[in-house]
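Undergrad: This is the structure I have questions about; it appears just below.
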Amino acid sequence: MRRQRSITEPSYFVLAALLDGRLHGYGIIKKAAEQSNGRVRLTAGTLYGALDRLADQQLVTVVGHEQVAGRTRRYYQLTDRGIQLLQQEAARMEQAARIVTGRHDLPAIGPQPA
Amino acid sequence: MNPRLERRYRRLLLAYPPQVRAARAEEILTTLAESGSGDRRVPSAREAWSLLVEGVRARARLAAADGPGRIWADGLQLGVLLLTFANLGMLLWQAWRYPAWTVLLGATVVAILRARPRVALVLTAVAALTAARPLLPMRLPQSLFGWGAPAYGDWSTVARHLAPVLLLALLSLPVLRRHLRARAWWWLLVPVAQVAVLVLVVVVARAAGSIGLASIGPAQLERLGELGWTAARSAPEAVLVAVALGLVLVARDPRAAIAALVLVAPGLGWALEQRAWLSPLASWYWLAIAVTVPLLVMAVVSANRRQRTEL
């Protein structure tokens with residue numbers, strides 16, 4: 001049986017950042033911060049670690065590169081498998097969130113007893 | 001990015017395996033420069049830590065891509081190497097009494113480093129047989145086995161010398177042997193360091209007895225040497241176990257944990273048998289090791305699983 005892969009939060013936001021099309025490394029960092037309201041601040045190490053793991057599983061792919069001030073910049077894009085996994089993960093989290101957000105009888109939060 | 005900062009980032013990138021570094025280093029530096037980390041004088045602690053961790057993770061991932069055989073071969077090779085260093089170190093302070101033994105274990109270290117498990121297996125088998133000669137039902141020819149090697153009368157001590165035989169037999173199996181790689185010669189600095197520690201222990205012992213060297217007899221000197229040597233063995237073991245657990249938890253690399261298990265587990269039987277004679281400090285040390293062993297097993301299992309499944 002094939003084991004279910006679990007997706008970490010940085011990897012999720014890396015995949016989600018690529019939904020609007022191809023981006024380079026720093027573009028992904030900016031987009032992930034923007035889409036998480038500043039909560040996910042990817043470091044370069046974390047970003048490229050995630051990209052390597054995602055590329056190994058053919059969830060993202062390199063679609064081009066350019067030279068900027070003598071340095072290489074690669075562009076990444078989601079693959080069909082990547083889009084599919086992202087949708088599955090989003091559906092899973094939505095279902096988990098609905099357990100709480102779908103309830104109208106949540107206990108009121110009042111002052112804690114001394 | 002100023003050249004000084006770039007040099008510092010490049011130094012941190014050494015944590016990555018060479019092939020990943022060749023493919024990624026320039027791109028990572030571009031991203032660091034663009035993300036504002038290039039305006040600093042020194043790398044931020046956050047970026048530095050993440051480069052180190054991801055570098056080690058990349059090494060583990062690359063090894064895992066070769067299959068579980070590679071992970072176990074790497075871990076066991078490191079483990080048996082360290083165990084041989086430990087066995088060599090145990091008697092190094094009286095090496096002049098056991099020249100044949102010292103040469104035998106020294107040659108074993110070289111064979112392990114050169115990825116020759118079958119040669120190392122023969123050498124360790126001879127060493128184990130020699131060490132166990134009082135326990136054997138038949139008498140070994142004294143001329144061949146009796147000279148220049150220690151002999152033990154209890155199996156728990158002999159276990160420390162039998163463990164490398166078992167491990168090297170495993171590493172000689174084709175499924176593991178084909179993954180073995182020759183290791184850098186700088187590992188030979190370990191016995192050099194062991195000798196340095198030994199010299200230090202003797203110097204300290206003599207300084208302590210400088211009130212009159214005659215008042216510290218050979219027996220006391222030997223006892224002091226033994227005590228110092230026990231400490232010199234447990235401290236590196238404790239450091240290795242801590243590093244191994246850290247590597248598993250942070251970088252998901254189970255290889256050092258496999259090595260740590262191989263190194264510390266054979267001593268447990270001995271500690272159990274000798275428990276009545278252990279000093280309080282030694283008892284606490286072995287208790288900590290006994291707790292650590294199952295932790296290390298769990299860490300290896302968890303790292304293997306996370307390596308395979310986590311994105």
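Letters A, B, ... mark the chains of the structure tokens in the order given; residue numbers begin at 1 per chain; ligand numbers begin at 1, in order shown.
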Provide as a VMD selection string the residues of chain B at most 10 Å from chain A, counting only C-alpha atoms.
TA: chain B and resid 13 20 24 to 35 37 46 to 55 57 to 58 61 65 305 to 306 308 to 311
Undergrad: Which residues, written as a PyMOL selection string, have at least one atom at most 9 Å from range 270-278 of chain B, with only C-alpha atoms counted and residues fewer than 5 positions away on the same chain left out?
TA: chain B and resi 155-157+159-160+283+286
Undergrad: How many Å separate CA of Ala45 in chain B from CA of Leu5 in chain B?
TA: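 Going from CA of Ala45 in chain B over to CA of Leu5 in chain B covers 13.2 Å.
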Undergrad: Pull the alpha helix (DSSP H) assignments for range 42-72 of chain A out of DSSP run on the backbone, and list those residues as JSON, numbers by chain.
TA: {"A": [44, 45, 46, 47, 48, 49, 50, 51, 52, 53, 54, 55, 56]}
Undergrad: So how far away is CA of Pro68 in chain B from CA of Pro254 in chain B, in Å?
TA: 10.7 Å
Undergrad: Determine which residues of chain A DSSP labels as strand (DSSP E) from the backbone of this structure, then write them out as an MDAnalysis selection string.
TA: chainID A and resid 23:24 60:68 71:78
Undergrad: Put those residues in a file: C-alpha atoms, as a PDB file, in the first residue's frame.
TA:
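Here's the written file selection13.pdb:
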ATOM      1  CA  LEU A  23       7.391  32.468  -9.746  1.00  0.00           C
ATOM      2  CA  HIS A  24      11.071  32.615  -8.752  1.00  0.00           C
ATOM      3  CA  VAL A  60       6.416  21.489  -9.045  1.00  0.00           C
ATOM      4  CA  THR A  61       8.721  21.869 -11.996  1.00  0.00           C
ATOM      5  CA  VAL A  62      11.359  24.347 -13.195  1.00  0.00           C
ATOM      6  CA  VAL A  63      10.040  26.229 -16.224  1.00  0.00           C
ATOM      7  CA  GLY A  64      12.871  28.623 -16.993  1.00  0.00           C
ATOM      8  CA  HIS A  65      15.725  30.654 -15.658  1.00  0.00           C
ATOM      9  CA  GLU A  66      17.339  34.031 -16.125  1.00  0.00           C
ATOM     10  CA  GLN A  67      20.491  35.844 -15.050  1.00  0.00           C
ATOM     11  CA  VAL A  68      20.091  38.785 -12.675  1.00  0.00           C
ATOM     12  CA  ARG A  71      23.251  35.338 -10.644  1.00  0.00           C
ATOM     13  CA  THR A  72      20.875  32.542 -11.612  1.00  0.00           C
ATOM     14  CA  ARG A  73      17.199  32.829 -10.938  1.00  0.00           C
ATOM     15  CA  ARG A  74      14.916  29.842 -11.626  1.00  0.00           C
ATOM     16  CA  TYR A  75      11.170  29.943 -12.182  1.00  0.00           C
ATOM     17  CA  TYR A  76       8.890  27.275 -10.730  1.00  0.00           C
ATOM     18  CA  GLN A  77       5.404  26.173 -11.731  1.00  0.00           C
ATOM     19  CA  LEU A  78       2.803  23.779 -10.310  1.00  0.00           C
TER      20      LEU A  78
END
Undergrad: Separation of CA of Val42 in chain B and CA of Leu62 in chain B, in Å?
TA: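 Value for the CA of Val42 in chain B-CA of Leu62 in chain B distance: 29.3 Å.
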Undergrad: Residues at most 6 Å from Ala244 in chain B, counting only C-alpha atoms, excluding those fewer than 4 positions away in the same chain, as an MDAnalysis selection string?
TA: chainID B and resid 240 256:257
Undergrad: When you look at Val56 in chain B with a cut-off of 8 Å (counting only C-alpha atoms), what residues show up, excluding the ones that are within fewer than 5 positions of it in the same chain? I need them as number ranges by chain.
TA: B: 15-17, 251, 253
Undergrad: For the residues in the current selection, export N, CA and C atoms as an mmCIF file, in the first residue's frame.
TA:
data_model
loop_
_atom_site.group_PDB
_atom_site.id
_atom_site.type_symbol
_atom_site.label_atom_id
_atom_site.label_comp_id
_atom_site.auth_asym_id
_atom_site.auth_seq_id
_atom_site.Cartn_x
_atom_site.Cartn_y
_atom_site.Cartn_z
ATOM 1 N N ALA B 15 27.079 22.859 4.432
ATOM 2 C CA ALA B 15 26.249 21.824 5.069
ATOM 3 C C ALA B 15 25.551 20.971 4.015
ATOM 4 N N TYR B 16 25.366 21.510 2.798
ATOM 5 C CA TYR B 16 24.677 20.766 1.737
ATOM 6 C C TYR B 16 25.631 19.777 1.076
ATOM 7 N N PRO B 17 25.090 18.667 0.536
ATOM 8 C CA PRO B 17 25.970 17.751 -0.196
ATOM 9 C C PRO B 17 26.496 18.438 -1.467
ATOM 10 N N ALA B 251 16.757 17.162 11.546
ATOM 11 C CA ALA B 251 17.076 16.977 10.129
ATOM 12 C C ALA B 251 16.547 15.650 9.562
ATOM 13 N N ASP B 253 17.561 12.703 9.903
ATOM 14 C CA ASP B 253 18.624 11.820 9.434
ATOM 15 C C ASP B 253 18.842 10.725 10.470
#
Undergrad: Give the answer as one residue: which of B:Ala23, B:Val197, B:Leu261, B:Leu287 has the shortest atom-to-atom distance to Gly75 in chain B, using only C-alpha atoms?
TA: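 Closest to Gly75 in chain B, using only C-alpha atoms: B:Leu261.
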Undergrad: Leaving out Ile112 in chain B and any residue of its chain fewer than 6 positions from it, which residues lie within 12 Å of it when counting only C-alpha atoms, given as number ranges by chain?
TA: B: 73-74, 76-85, 105-106, 118-124, 164-165, 167-168, 171-172, 177, 180-185, 187-188
Undergrad: Between B:Val241, B:Ala282, B:Met138, B:Val248, which is the closest to Asn304 in chain B once you count only C-alpha atoms?
TA: B:Val248
Undergrad: With a distance cut-off of 8 Å and only C-alpha atoms, select the neighbouring residues of Arg81 in chain A, excluding the residue or stretch itself and same-chain residues fewer than 3 positions from it, and output the selection as an MDAnalysis selection string.
TA: chainID A and resid 58:59 78 84:85
